[in-house]
$ cat coords-v1.txt   # compact mmCIF, C-alpha atoms and all ligand atoms
# COMPACT_ATOMS: atom_id res chain seq x y z
CA MET A 14 79.93 123.78 174.40
CA MET A 15 79.22 120.81 172.18
CA ILE A 16 77.10 119.07 174.82
CA ASP A 17 74.16 120.79 176.48
CA THR A 18 75.43 122.02 179.85
CA SER A 19 72.05 121.53 181.51
CA LEU A 20 72.17 117.86 180.54
CA VAL A 21 75.58 117.52 182.20
CA ALA A 22 74.32 119.37 185.26
CA GLY A 23 71.32 117.04 185.46
CA GLU A 24 73.57 113.98 185.18
CA ASN A 25 75.85 115.36 187.89
CA GLU A 26 72.90 116.11 190.14
CA THR A 27 72.02 112.42 190.40
CA ARG A 28 75.57 111.53 191.47
CA THR A 29 76.68 114.42 193.66
CA ALA A 30 75.38 113.19 197.04
CA ASP A 31 77.17 109.83 196.72
CA LEU A 32 80.30 111.52 195.47
CA LYS A 33 80.39 113.89 198.45
CA ARG A 34 80.10 110.97 200.87
CA ASP A 35 82.82 109.01 199.07
CA TYR A 36 85.09 112.06 198.98
CA GLU A 37 84.64 112.68 202.71
CA THR A 38 85.33 109.05 203.60
CA LEU A 39 88.45 108.98 201.46
CA GLY A 40 89.49 112.32 202.96
CA GLU A 41 89.33 110.81 206.46
CA ARG A 42 91.39 107.80 205.42
CA LEU A 43 94.03 109.96 203.76
CA ASP A 44 94.08 112.28 206.75
CA ARG A 45 95.17 109.33 208.89
CA ARG A 46 98.11 108.94 206.50
CA GLY A 47 98.96 112.62 206.87
CA VAL A 48 97.71 113.46 203.37
CA SER A 49 95.38 116.37 202.58
CA ILE A 50 92.79 115.24 200.05
CA ASP A 51 92.14 118.81 198.95
CA ALA A 52 95.81 119.32 198.11
CA ILE A 53 95.79 116.19 195.93
CA LYS A 54 92.55 117.29 194.31
CA ALA A 55 94.02 120.72 193.48
CA LYS A 56 96.96 119.09 191.72
CA VAL A 57 94.72 116.71 189.79
CA ALA A 58 92.42 119.59 188.82
CA ALA A 59 95.37 121.54 187.42
CA TYR A 60 96.67 118.57 185.45
CA GLY A 61 96.14 118.26 181.71
CA VAL A 62 97.04 115.74 179.05
CA ALA A 63 96.87 116.65 175.36
CA VAL A 64 94.65 114.76 172.95
CA PRO A 65 96.01 113.71 169.55
CA SER A 66 93.82 114.96 166.69
CA TRP A 67 94.22 111.58 164.96
CA GLY A 68 92.90 109.78 168.03
CA VAL A 69 89.30 110.92 167.54
CA GLY A 70 89.01 109.05 164.24
CA THR A 71 88.60 105.28 164.28
CA GLY A 72 91.97 103.66 163.75
CA GLY A 73 92.84 100.42 162.12
CA THR A 74 95.52 97.84 161.65
CA ARG A 75 97.42 96.94 158.52
CA PHE A 76 94.72 94.34 157.89
CA ALA A 77 91.64 96.49 157.96
CA ARG A 78 89.90 99.49 159.31
CA PHE A 79 86.30 99.22 160.43
CA PRO A 80 84.82 102.71 160.42
CA GLY A 81 82.65 103.96 163.25
CA LYS A 82 79.56 106.10 163.02
CA GLY A 83 79.84 109.86 162.79
CA GLU A 84 83.58 109.97 162.39
CA PRO A 85 85.17 113.40 161.99
CA ARG A 86 85.60 114.36 158.33
CA HIS A 87 88.34 116.95 158.83
CA ILE A 88 90.27 118.82 161.46
CA PHE A 89 87.35 121.07 162.36
CA ASP A 90 85.16 118.06 163.17
CA LYS A 91 88.10 116.60 165.07
CA LEU A 92 88.41 119.74 167.16
CA GLU A 93 84.71 119.52 168.03
CA ASP A 94 85.17 115.93 169.19
CA CYS A 95 88.24 116.94 171.20
CA SER A 96 86.23 119.68 172.86
CA VAL A 97 83.64 117.12 174.01
CA ILE A 98 86.45 115.22 175.74
CA GLN A 99 87.62 118.42 177.43
CA GLN A 100 84.09 119.54 178.32
CA LEU A 101 83.30 116.35 180.18
CA THR A 102 86.68 115.44 181.69
CA ARG A 103 88.28 118.90 182.09
CA ALA A 104 91.56 117.03 181.68
CA THR A 105 92.41 117.65 178.01
CA PRO A 106 92.73 121.38 177.29
CA ASN A 107 95.08 120.99 174.32
CA VAL A 108 95.10 119.19 170.98
CA SER A 109 98.17 117.95 169.14
CA LEU A 110 98.03 118.27 165.35
CA HIS A 111 99.49 115.99 162.71
CA ILE A 112 100.58 117.64 159.46
CA PRO A 113 99.53 117.26 156.67
CA TRP A 114 96.50 115.32 157.99
CA ASP A 115 95.26 118.43 159.81
CA LYS A 116 96.45 121.05 157.38
CA ALA A 117 94.13 124.06 157.21
CA ASP A 118 94.30 127.82 157.33
CA PRO A 119 96.07 128.59 160.64
CA ALA A 120 93.79 131.53 161.39
CA GLU A 121 90.74 129.29 161.00
CA LEU A 122 92.34 126.59 163.13
CA LYS A 123 93.08 129.05 165.87
CA ALA A 124 89.63 130.64 165.72
CA LYS A 125 87.87 127.26 165.86
CA ALA A 126 90.01 126.05 168.75
CA SER A 127 89.50 129.19 170.81
CA SER A 128 85.76 129.12 170.17
CA LEU A 129 85.81 125.62 171.69
CA GLY A 130 88.11 126.62 174.55
CA LEU A 131 91.00 124.52 173.25
CA GLY A 132 94.69 125.24 172.73
CA PHE A 133 97.35 123.48 170.70
CA ASP A 134 100.08 121.19 171.95
CA ALA A 135 103.11 119.87 170.03
CA MET A 136 103.05 119.73 166.22
CA ASN A 137 103.68 116.33 164.64
CA SER A 138 105.35 115.98 161.27
CA ASN A 139 104.73 113.11 158.89
CA THR A 140 107.48 111.72 156.70
CA PHE A 141 106.46 108.09 157.08
CA GLN A 142 104.02 108.14 154.18
CA ASP A 143 103.87 109.84 150.79
CA GLN A 144 101.30 112.54 150.17
CA ASP A 145 99.50 113.27 146.91
CA GLY A 146 101.68 115.33 144.62
CA GLN A 147 104.81 114.87 146.68
CA PRO A 148 107.84 114.96 144.32
CA LEU A 149 110.09 112.45 146.12
CA SER A 150 109.10 109.25 147.89
CA TYR A 151 109.82 108.20 151.48
CA LYS A 152 109.74 104.52 150.58
CA PHE A 153 113.40 104.20 151.53
CA GLY A 154 113.46 106.76 154.28
CA SER A 155 113.06 110.47 154.93
CA LEU A 156 115.49 112.37 157.16
CA SER A 157 118.07 109.59 156.75
CA HIS A 158 117.39 108.87 153.06
CA THR A 159 120.44 108.21 150.85
CA ASP A 160 119.24 110.94 148.47
CA ALA A 161 119.99 114.50 149.56
CA GLY A 162 116.91 115.87 147.77
CA THR A 163 114.60 113.55 149.67
CA ARG A 164 116.24 114.49 152.97
CA ARG A 165 115.81 118.16 152.09
CA GLN A 166 112.14 117.60 151.30
CA ALA A 167 111.67 115.96 154.72
CA VAL A 168 113.47 118.85 156.42
CA GLU A 169 111.29 121.37 154.58
CA HIS A 170 108.17 119.55 155.70
CA ASN A 171 109.27 119.79 159.33
CA LEU A 172 109.99 123.49 158.89
CA GLU A 173 106.50 123.94 157.49
CA CYS A 174 105.12 122.23 160.62
CA ILE A 175 107.00 124.77 162.73
CA GLU A 176 105.56 127.64 160.66
CA ILE A 177 102.00 126.37 161.10
CA GLY A 178 102.69 125.75 164.78
CA LYS A 179 103.95 129.31 165.28
CA ALA A 180 100.77 130.65 163.74
CA ILE A 181 98.49 128.65 166.05
CA GLY A 182 100.41 129.00 169.31
CA SER A 183 102.19 125.65 169.51
CA ARG A 184 105.65 125.58 171.06
CA ALA A 185 107.03 122.16 170.23
CA LEU A 186 107.68 119.89 167.28
CA THR A 187 107.62 116.12 167.64
CA ILE A 188 109.52 114.12 165.06
CA TRP A 189 108.98 110.43 164.61
CA ILE A 190 110.38 108.80 161.48
CA GLY A 191 109.80 105.33 160.12
CA ASP A 192 113.31 105.18 158.62
CA GLY A 193 115.24 101.96 158.97
CA SER A 194 115.90 98.83 156.97
CA ASN A 195 114.28 95.47 156.33
CA PHE A 196 117.38 93.44 155.46
CA PRO A 197 120.78 93.01 157.07
CA GLY A 198 123.21 94.91 154.88
CA GLN A 199 120.51 97.11 153.33
CA ALA A 200 121.74 100.20 155.14
CA ASN A 201 125.02 101.24 156.68
CA PHE A 202 124.03 101.96 160.30
CA THR A 203 126.64 104.67 160.80
CA ARG A 204 126.17 106.57 157.56
CA GLN A 205 122.39 106.37 157.89
CA PHE A 206 122.51 107.86 161.39
CA GLU A 207 124.95 110.56 160.25
CA ARG A 208 122.49 111.56 157.54
CA TYR A 209 119.67 111.63 160.10
CA LEU A 210 121.67 113.84 162.46
CA ASP A 211 122.57 116.28 159.67
CA ALA A 212 118.93 116.58 158.66
CA ALA A 213 117.75 116.90 162.27
CA LYS A 214 120.32 119.66 162.83
CA ALA A 215 118.92 121.54 159.83
CA ILE A 216 115.47 121.44 161.47
CA TYR A 217 116.83 122.34 164.88
CA ALA A 218 118.62 125.36 163.42
CA GLU A 219 115.24 126.85 162.46
CA LEU A 220 113.53 126.10 165.77
CA PRO A 221 112.28 129.27 167.49
CA ASP A 222 114.02 130.10 170.77
CA ASP A 223 110.95 129.38 172.90
CA TRP A 224 110.26 126.03 171.22
CA ARG A 225 111.33 122.51 172.08
CA LEU A 226 112.12 119.71 169.69
CA PHE A 227 110.98 116.24 170.73
CA THR A 228 112.37 113.20 169.00
CA GLU A 229 110.47 109.97 169.48
CA HIS A 230 112.15 106.58 169.47
CA LYS A 231 110.49 103.33 168.43
CA MET A 232 112.05 99.90 168.41
CA TYR A 233 110.68 98.62 165.10
CA GLU A 234 107.88 99.00 162.54
CA PRO A 235 107.50 99.95 159.75
CA ALA A 236 111.15 98.89 159.34
CA PHE A 237 111.51 95.36 160.64
CA TYR A 238 115.25 94.68 160.68
CA SER A 239 116.66 97.97 161.96
CA THR A 240 115.26 101.36 162.87
CA VAL A 241 117.29 104.57 162.88
CA VAL A 242 115.89 105.98 166.14
CA GLN A 243 115.26 102.64 167.79
CA ASP A 244 115.65 103.26 171.49
CA TRP A 245 116.15 105.81 174.25
CA GLY A 246 119.95 105.52 173.99
CA THR A 247 119.99 106.68 170.38
CA ASN A 248 117.32 109.23 171.23
CA TYR A 249 119.47 110.61 174.03
CA MET A 250 122.43 110.89 171.63
CA ILE A 251 120.24 112.89 169.25
CA ALA A 252 119.11 115.26 171.98
CA GLN A 253 122.73 115.71 173.11
CA GLU A 254 123.95 116.32 169.57
CA LEU A 255 121.25 118.83 168.72
CA GLY A 256 121.38 121.05 171.78
CA GLU A 257 119.50 122.35 174.78
CA LYS A 258 116.11 122.72 173.08
CA ALA A 259 116.14 119.04 172.02
CA TYR A 260 114.53 116.42 174.23
CA CYS A 261 113.52 112.78 174.11
CA LEU A 262 109.87 111.79 173.83
CA VAL A 263 108.84 108.51 175.39
CA ASP A 264 105.94 106.67 173.75
CA LEU A 265 105.02 103.89 176.16
CA GLY A 266 104.33 101.45 173.31
CA HIS A 267 107.66 101.94 171.57
CA HIS A 268 109.78 99.57 173.66
CA ALA A 269 110.58 95.91 173.79
CA PRO A 270 108.16 93.87 175.90
CA ASN A 271 109.28 93.93 179.56
CA ALA A 272 111.49 96.99 179.07
CA ASN A 273 111.71 98.95 182.31
CA ILE A 274 110.13 102.14 180.98
CA GLU A 275 109.93 103.88 184.35
CA MET A 276 113.69 103.50 184.67
CA ILE A 277 114.22 104.99 181.20
CA VAL A 278 112.07 107.89 182.36
CA ALA A 279 114.21 108.30 185.50
CA ARG A 280 117.42 108.31 183.47
CA LEU A 281 116.14 110.94 181.05
CA ILE A 282 114.97 113.12 183.94
CA GLN A 283 118.33 112.77 185.68
CA PHE A 284 120.14 114.07 182.62
CA GLY A 285 117.60 116.78 181.80
CA LYS A 286 116.41 115.28 178.53
CA LEU A 287 112.89 114.04 179.19
CA GLY A 288 110.75 115.98 176.73
CA GLY A 289 107.43 114.29 177.18
CA PHE A 290 105.17 111.33 176.68
CA HIS A 291 102.87 109.63 174.32
CA PHE A 292 100.68 107.65 176.68
CA ASN A 293 99.06 104.41 175.54
CA ASP A 294 99.26 100.77 176.54
CA SER A 295 100.43 97.59 174.90
CA LYS A 296 100.56 93.85 175.31
CA TYR A 297 102.87 92.77 172.49
CA GLY A 298 104.29 95.73 170.58
CA ASP A 299 103.20 99.18 169.52
CA ASP A 300 99.58 98.21 170.05
CA ASP A 301 98.34 101.76 170.76
CA LEU A 302 95.80 100.38 173.22
CA ASP A 303 94.02 102.64 175.68
CA THR A 304 96.26 104.07 178.39
CA GLY A 305 96.11 102.01 181.55
CA SER A 306 93.98 99.27 179.97
CA ILE A 307 96.66 96.56 180.14
CA ASP A 308 99.14 97.51 182.81
CA PRO A 309 97.91 100.30 185.07
CA TYR A 310 100.69 99.53 187.56
CA ARG A 311 103.34 100.40 185.00
CA LEU A 312 101.59 103.70 184.31
CA PHE A 313 101.62 104.36 188.04
CA LEU A 314 105.34 103.54 188.24
CA VAL A 315 106.05 106.03 185.45
CA PHE A 316 104.11 108.68 187.36
CA ASN A 317 105.94 107.71 190.51
CA GLU A 318 109.14 108.85 188.79
CA LEU A 319 107.47 112.04 187.56
CA VAL A 320 106.17 112.96 191.00
CA ASP A 321 109.56 112.14 192.49
CA ALA A 322 111.15 114.60 190.03
CA GLU A 323 108.43 117.19 190.67
CA THR A 324 108.89 116.85 194.44
CA ARG A 325 112.64 117.26 194.39
CA LYS A 326 112.36 120.00 191.73
CA ALA A 327 114.61 118.30 189.20
CA PRO A 328 116.28 120.99 187.05
CA GLY A 329 114.55 121.68 183.73
CA PHE A 330 111.82 119.15 184.48
CA ASP A 331 108.75 120.08 182.42
CA PRO A 332 107.58 117.13 180.31
CA ALA A 333 104.74 117.42 177.82
CA HIS A 334 101.94 114.92 178.37
CA MET A 335 99.99 113.56 175.45
CA LEU A 336 97.88 110.55 174.59
CA ASP A 337 98.78 108.61 171.44
CA GLN A 338 96.33 105.79 170.82
CA SER A 339 94.44 104.07 168.03
CA HIS A 340 90.85 103.12 168.72
CA ASN A 341 89.66 100.23 166.63
CA VAL A 342 86.73 98.75 168.53
CA THR A 343 85.51 101.57 170.78
CA ASP A 344 84.06 105.03 170.34
CA PRO A 345 87.26 107.12 170.21
CA ILE A 346 85.75 109.89 172.33
CA GLU A 347 84.90 107.41 175.09
CA SER A 348 88.35 105.81 174.92
CA LEU A 349 90.12 109.16 175.07
CA MET A 350 88.00 110.31 178.02
CA VAL A 351 88.72 107.11 179.93
CA SER A 352 92.42 107.27 179.04
CA ALA A 353 92.75 110.90 180.16
CA MET A 354 91.20 109.88 183.46
CA GLU A 355 93.58 106.91 183.74
CA VAL A 356 96.53 109.27 183.38
CA GLN A 357 95.06 111.52 186.05
CA ARG A 358 94.47 108.48 188.25
CA ALA A 359 98.11 107.39 187.98
CA TYR A 360 99.17 110.93 188.83
CA ALA A 361 96.89 111.07 191.88
CA GLN A 362 98.08 107.66 193.09
CA ALA A 363 101.73 108.70 192.66
CA LEU A 364 101.03 111.84 194.69
CA LEU A 365 99.90 109.57 197.54
CA VAL A 366 103.26 107.80 197.83
CA ASP A 367 104.79 108.45 201.26
CA ARG A 368 108.13 109.64 199.87
CA SER A 369 110.00 110.11 203.12
CA ALA A 370 108.99 106.62 204.30
CA LEU A 371 110.02 105.23 200.91
CA GLU A 372 113.40 106.90 201.11
CA GLY A 373 113.93 105.47 204.60
CA PHE A 374 113.13 101.95 203.42
CA GLN A 375 115.43 102.38 200.43
CA ASP A 376 118.29 103.60 202.63
CA THR A 377 117.91 100.68 205.05
CA ASN A 378 117.46 98.14 202.23
CA ASP A 379 113.99 97.17 203.39
CA ALA A 380 112.83 95.95 199.98
CA LEU A 381 109.52 94.59 201.22
CA MET A 382 108.41 97.77 202.95
CA ALA A 383 109.68 99.93 200.10
CA THR A 384 107.57 98.12 197.56
CA THR A 385 104.63 97.99 199.99
CA THR A 386 104.84 101.77 200.24
CA LEU A 387 104.27 102.02 196.50
CA LYS A 388 101.49 99.42 196.59
CA THR A 389 99.69 101.26 199.38
CA ALA A 390 99.45 104.32 197.16
CA PHE A 391 98.53 102.32 194.06
CA ARG A 392 95.77 100.38 195.83
CA THR A 393 94.04 103.57 196.97
CA ASP A 394 90.84 104.16 195.03
CA VAL A 395 91.27 107.81 194.08
CA GLU A 396 88.15 108.00 191.91
CA PRO A 397 86.35 110.39 194.32
CA ILE A 398 89.28 112.82 193.97
CA LEU A 399 89.14 112.72 190.18
CA ALA A 400 85.35 113.00 190.08
CA MET A 401 85.30 115.90 192.54
CA ALA A 402 87.98 117.72 190.53
CA ARG A 403 85.88 117.27 187.39
CA LEU A 404 82.69 118.43 189.09
CA GLU A 405 84.31 121.55 190.52
CA ASN A 406 85.95 122.33 187.17
CA GLY A 407 82.59 122.20 185.39
CA GLY A 408 82.98 118.71 183.93
CA ALA A 409 80.97 115.54 184.39
CA VAL A 410 81.13 113.29 187.45
CA ALA A 411 80.72 110.31 185.11
CA PRO A 412 81.89 111.46 181.66
CA VAL A 413 81.04 108.31 179.69
CA ALA A 414 77.52 108.17 181.12
CA ALA A 415 76.97 111.87 180.39
CA TYR A 416 78.35 111.46 176.87
CA ARG A 417 76.06 108.52 176.15
CA SER A 418 72.97 110.17 177.51
CA ALA A 419 73.73 113.28 175.42
CA GLY A 420 73.61 111.13 172.26
CA TYR A 421 76.48 113.10 170.74
CA ARG A 422 77.66 110.31 168.44
CA GLN A 423 74.19 109.73 166.99
CA LYS A 424 73.78 113.46 166.40
CA VAL A 425 77.04 113.88 164.50
CA ALA A 426 76.43 110.65 162.58
CA GLU A 427 73.45 112.39 160.95
CA ILE A 428 75.69 115.02 159.41
CA ARG A 429 78.92 113.07 158.94
CA PRO A 430 78.79 110.27 156.37
CA GLU A 431 80.68 107.03 157.03
CA VAL A 432 84.15 106.94 155.44
CA SER A 433 86.00 103.68 155.07
CA GLY A 434 89.46 104.43 153.72
CA ALA A 435 91.19 107.37 155.35
CA GLY A 436 92.14 108.08 158.93
CA GLY A 437 94.99 107.46 161.29
CA GLY A 438 96.10 103.92 161.87
CA ILE A 439 98.61 102.71 164.42
CA VAL A 440 101.58 105.07 164.20
MN MN B 1 103.77 108.18 169.49
$ encode --input "coords-v1.txt" --output "structure tokens"
Amino acid sequence: MMIDTSLVAGENETRTADLKRDYETLGERLDRRGVSIDAIKAKVAAYGVAVPSWGVGTGGTRFARFPGKGEPRHIFDKLEDCSVIQQLTRATPNVSLHIPWDKADPAELKAKASSLGLGFDAMNSNTFQDQDGQPLSYKFGSLSHTDAGTRRQAVEHNLECIEIGKAIGSRALTIWIGDGSNFPGQANFTRQFERYLDAAKAIYAELPDDWRLFTEHKMYEPAFYSTVVQDWGTNYMIAQELGEKAYCLVDLGHHAPNANIEMIVARLIQFGKLGGFHFNDSKYGDDDLDTGSIDPYRLFLVFNELVDAETRKAPGFDPAHMLDQSHNVTDPIESLMVSAMEVQRAYAQALLVDRSALEGFQDTNDALMATTTLKTAFRTDVEPILAMARLENGGAVAPVAAYRSAGYRQKVAEIRPEVSGAGGGIV
């Protein structure tokens, strides 16, 4: 454990009596609604959201990056930071790696992760920037590039990600490409998408049988006129074209403002193609802000669809849950802990929705009572459920407070020098 367990226990000690009272009171209130608080707590306790390795470094914008103290220097430092998040929240058992940023000997990666009690989630490939020594450039695209050699290089990179993933126990590959165009006429939409599909099929052909391929759509940026995989419609076509192991990944920040993301989620569930999520929040574009920091109601509405699917046992429903954020002004560990708890909170609130009442209101066209049914669940302060689940799972009742009193950041700052250039930005 990266943080002294007796310190966490001491922190918890000062909060346990209040928590027990709050949990009992909430239990009584939920009981009146016919809901068992312990059943909700069990589901929350079993829930996990993966942490992105790149999220524990301080991010930046295209204008600047202001480094934080004690930033991780490499993947092994990153794994230690990720384990702090898991130790205190008990909500983030897995880490998602980005290659080549996190490239290291797979045996060492696996050994380090297991020593910290962590596993690995989906692998992420990177063909949106050039790496040192790379023969061909991705300036004009990767999987959809006009040059066959460049496309092949991008395919090979994805296959390498699968190989590393196999060695460390991952079972999914997430592909996001920056391919697109900046000028009308620069690219032929049809031919460009044909090239993308051919390249994606070459990757899919090498995907192990027990793996899933997630393709991630994004409306714009870095390409500003057109993007090859720009929305869920194109993403769905890709998943259909590739086959049954191909699914769509929904990054909450990758849509037009005001897009009805929860409805996109419902559609993908209905047709068996929801692969998973990159949770974050946004105000204007792909802001990569902390999950639930801007629009917690939208996050709840997404989870409302997920719980609906879980409840009716939608066929093939098994989405991967991951955070994908860039932390520019906060301590990344604190942001990721809070965000993981926000995801859990939305899940707990969605579990409180009275689904049979909702269905009745929907069938009788009682719009007001239908929406009130959702609001009743959303307005419930489920914090005692989350905190009790953490406490019983060996985590911290108040993770940020425990983290600060442990002085973890100051301690690692002594051994990790400040680095200004490198690190993940908004991707
Ligand atoms: Mn993403």
$ closest_atom_pairs --input "coords-v1.txt" --of "chain A" --to "ligand MN 1 (chain B)" --cutoff "7 Å" --atoms "all atoms listed in the file" --output "CSV"
residue,atom,partner,partner_atom,distance
A:Glu229,CA,B:MN1,MN,6.9
A:Asp264,CA,B:MN1,MN,5.0
A:His291,CA,B:MN1,MN,5.1
A:Asp337,CA,B:MN1,MN,5.4
A:Val440,CA,B:MN1,MN,6.5
$ axis_aligned_box --input "coords-v1.txt" --around "segment 89-93 of chain A" --padding-each-side "6 Å" --output "AutoDock Vina command-line options"
--center_x 86.6 --center_y 118.8 --center_z 165.2 --size_x 15.7 --size_y 16.5 --size_z 17.7
$ closest_atom_pairs --input "coords-v1.txt" --of "segment 57-176 of chain A" --to "segment 414-433 of chain A" --cutoff "8 Å" --atoms "all atoms listed in the file" --output "CSV"
residue,atom,partner,partner_atom,distance
A:Arg78,CA,A:Ser433,CA,7.1
A:Phe79,CA,A:Ser433,CA,7.0
A:Pro80,CA,A:Ser433,CA,5.6
A:Gly81,CA,A:Glu431,CA,7.2
A:Lys82,CA,A:Ala426,CA,5.5
A:Gly83,CA,A:Ala426,CA,3.5
A:Glu84,CA,A:Arg429,CA,6.6
A:Pro85,CA,A:Arg429,CA,7.0
A:Arg86,CA,A:Arg429,CA,6.8
A:Leu101,CA,A:Tyr416,CA,7.7
$ closest_residue --input "coords-v1.txt" --among "A:Glu24, A:Asp31, A:Glu41, A:Asp17" --to "Met401 of chain A" --atoms "all atoms listed in the file"
A:Asp31
$ residues_around --input "coords-v1.txt" --residues "Val351 of chain A" --least-positions-apart "3" --cutoff "9 Å" --atoms "only C-alpha atoms" --output "list in words"
Thr102, Asp303, Thr304, Ile346, Glu347, Ser348, Met354, Glu355, Val356, Pro412 and Val413 of chain A
$ closest_residue --input "coords-v1.txt" --among "A:Pro332, A:Gly154, A:Pro65, A:Pro397" --to "Lys91 of chain A" --atoms "all atoms listed in the file"
A:Pro65
$ residues_around --input "coords-v1.txt" --residues "Val168 of chain A" --least-positions-apart "5" --cutoff "8 Å" --atoms "only C-alpha atoms" --output "ChimeraX atom specification"
/A:156,212-213,215-216
$ residues_around --input "coords-v1.txt" --residues "segment 198-206 of chain A" --least-positions-apart "5" --cutoff "9 Å" --atoms "all atoms listed in the file" --output "JSON, numbers by chain"
{"A": [157, 158, 159, 193, 211, 239, 241, 242]}
$ closest_residue --input "coords-v1.txt" --among "A:Ala252, A:Val395, A:Val315, A:Leu186" --to "Trp224 of chain A" --atoms "only C-alpha atoms"
A:Leu186
$ atom_distance --input "coords-v1.txt" --atom1 "atom CA of Leu364 of chain A" --atom2 "atom CA of Ile53 of chain A"
6.9 Å
$ atom_distance --input "coords-v1.txt" --atom1 "atom CA of Ile274 of chain A" --atom2 "atom CA of Ser194 of chain A"
24.9 Å
$ residues_around --input "coords-v1.txt" --residues "Ala269 of chain A" --least-positions-apart "5" --cutoff "9 Å" --atoms "all atoms listed in the file" --output "ChimeraX atom specification"
/A:232,297-298
$ residues_around --input "coords-v1.txt" --residues "segment 143-148 of chain A" --least-positions-apart "6" --cutoff "10 Å" --atoms "only C-alpha atoms" --output "PyMOL selection string"
chain A and resi 113-114+162-163+166
$ atom_distance --input "coords-v1.txt" --atom1 "atom CA of Leu371 of chain A" --atom2 "atom CA of Gly266 of chain A"
28.4 Å
$ closest_residue --input "coords-v1.txt" --among "A:Ile190, A:Ile398, A:Ala126, A:Leu404" --to "Tyr233 of chain A" --atoms "all atoms listed in the file"
A:Ile190
$ closest_residue --input "coords-v1.txt" --among "A:Pro106, A:Pro235, A:Pro119, A:Gly285" --to "Gly191 of chain A" --atoms "all atoms listed in the file"
A:Pro235
$ closest_residue --input "coords-v1.txt" --among "A:Ala59, A:Ala22, A:Ala185, A:Ile88" --to "Gly288 of chain A" --atoms "only C-alpha atoms"
A:Ala185
$ decode --input "coords-v1.txt" --residues "segment 115-158 of chain A" --atoms "C-alpha atoms" --output "PDB file, in the first residue's frame"
ATOM      1  CA  ASP A 115       3.651   3.524 -21.232  1.00  0.00           C
ATOM      2  CA  LYS A 116       5.869   1.130 -23.111  1.00  0.00           C
ATOM      3  CA  ALA A 117       7.926  -1.090 -20.811  1.00  0.00           C
ATOM      4  CA  ASP A 118       8.800  -4.723 -20.356  1.00  0.00           C
ATOM      5  CA  PRO A 119       5.403  -6.482 -20.042  1.00  0.00           C
ATOM      6  CA  ALA A 120       6.656  -8.807 -17.312  1.00  0.00           C
ATOM      7  CA  GLU A 121       7.776  -5.808 -15.254  1.00  0.00           C
ATOM      8  CA  LEU A 122       4.489  -4.024 -15.896  1.00  0.00           C
ATOM      9  CA  LYS A 123       2.529  -7.018 -14.755  1.00  0.00           C
ATOM     10  CA  ALA A 124       4.703  -7.594 -11.687  1.00  0.00           C
ATOM     11  CA  LYS A 125       4.458  -3.951 -10.615  1.00  0.00           C
ATOM     12  CA  ALA A 126       0.699  -3.849 -11.109  1.00  0.00           C
ATOM     13  CA  SER A 127       0.081  -7.050  -9.170  1.00  0.00           C
ATOM     14  CA  SER A 128       2.330  -5.893  -6.346  1.00  0.00           C
ATOM     15  CA  LEU A 129       0.059  -2.840  -6.105  1.00  0.00           C
ATOM     16  CA  GLY A 130      -3.139  -4.877  -6.435  1.00  0.00           C
ATOM     17  CA  LEU A 131      -3.970  -3.430  -9.849  1.00  0.00           C
ATOM     18  CA  GLY A 132      -5.050  -4.996 -13.133  1.00  0.00           C
ATOM     19  CA  PHE A 133      -5.067  -3.675 -16.680  1.00  0.00           C
ATOM     20  CA  ASP A 134      -8.020  -2.436 -18.669  1.00  0.00           C
ATOM     21  CA  ALA A 135      -8.184  -1.651 -22.409  1.00  0.00           C
ATOM     22  CA  MET A 136      -4.999  -0.861 -24.335  1.00  0.00           C
ATOM     23  CA  ASN A 137      -4.913   2.474 -26.169  1.00  0.00           C
ATOM     24  CA  SER A 138      -2.950   2.937 -29.362  1.00  0.00           C
ATOM     25  CA  ASN A 139      -1.467   6.236 -30.470  1.00  0.00           C
ATOM     26  CA  THR A 140      -1.287   7.201 -34.119  1.00  0.00           C
ATOM     27  CA  PHE A 141      -2.149  10.849 -33.579  1.00  0.00           C
ATOM     28  CA  GLN A 142       1.439  11.943 -33.005  1.00  0.00           C
ATOM     29  CA  ASP A 143       4.832  10.941 -34.382  1.00  0.00           C
ATOM     30  CA  GLN A 144       7.298   9.159 -32.139  1.00  0.00           C
ATOM     31  CA  ASP A 145      11.081   9.492 -32.193  1.00  0.00           C
ATOM     32  CA  GLY A 146      12.571   7.355 -34.919  1.00  0.00           C
ATOM     33  CA  GLN A 147       9.250   6.614 -36.575  1.00  0.00           C
ATOM     34  CA  PRO A 148       9.858   6.131 -40.331  1.00  0.00           C
ATOM     35  CA  LEU A 149       6.600   7.614 -41.668  1.00  0.00           C
ATOM     36  CA  SER A 150       4.672  10.617 -40.372  1.00  0.00           C
ATOM     37  CA  TYR A 151       1.028  10.808 -39.290  1.00  0.00           C
ATOM     38  CA  LYS A 152       0.801  14.481 -40.204  1.00  0.00           C
ATOM     39  CA  PHE A 153      -1.794  13.661 -42.860  1.00  0.00           C
ATOM     40  CA  GLY A 154      -3.415  10.741 -41.125  1.00  0.00           C
ATOM     41  CA  SER A 155      -2.738   7.219 -39.931  1.00  0.00           C
ATOM     42  CA  LEU A 156      -5.215   4.392 -40.563  1.00  0.00           C
ATOM     43  CA  SER A 157      -6.838   6.425 -43.351  1.00  0.00           C
ATOM     44  CA  HIS A 158      -3.627   7.915 -44.783  1.00  0.00           C
TER      45      HIS A 158
END
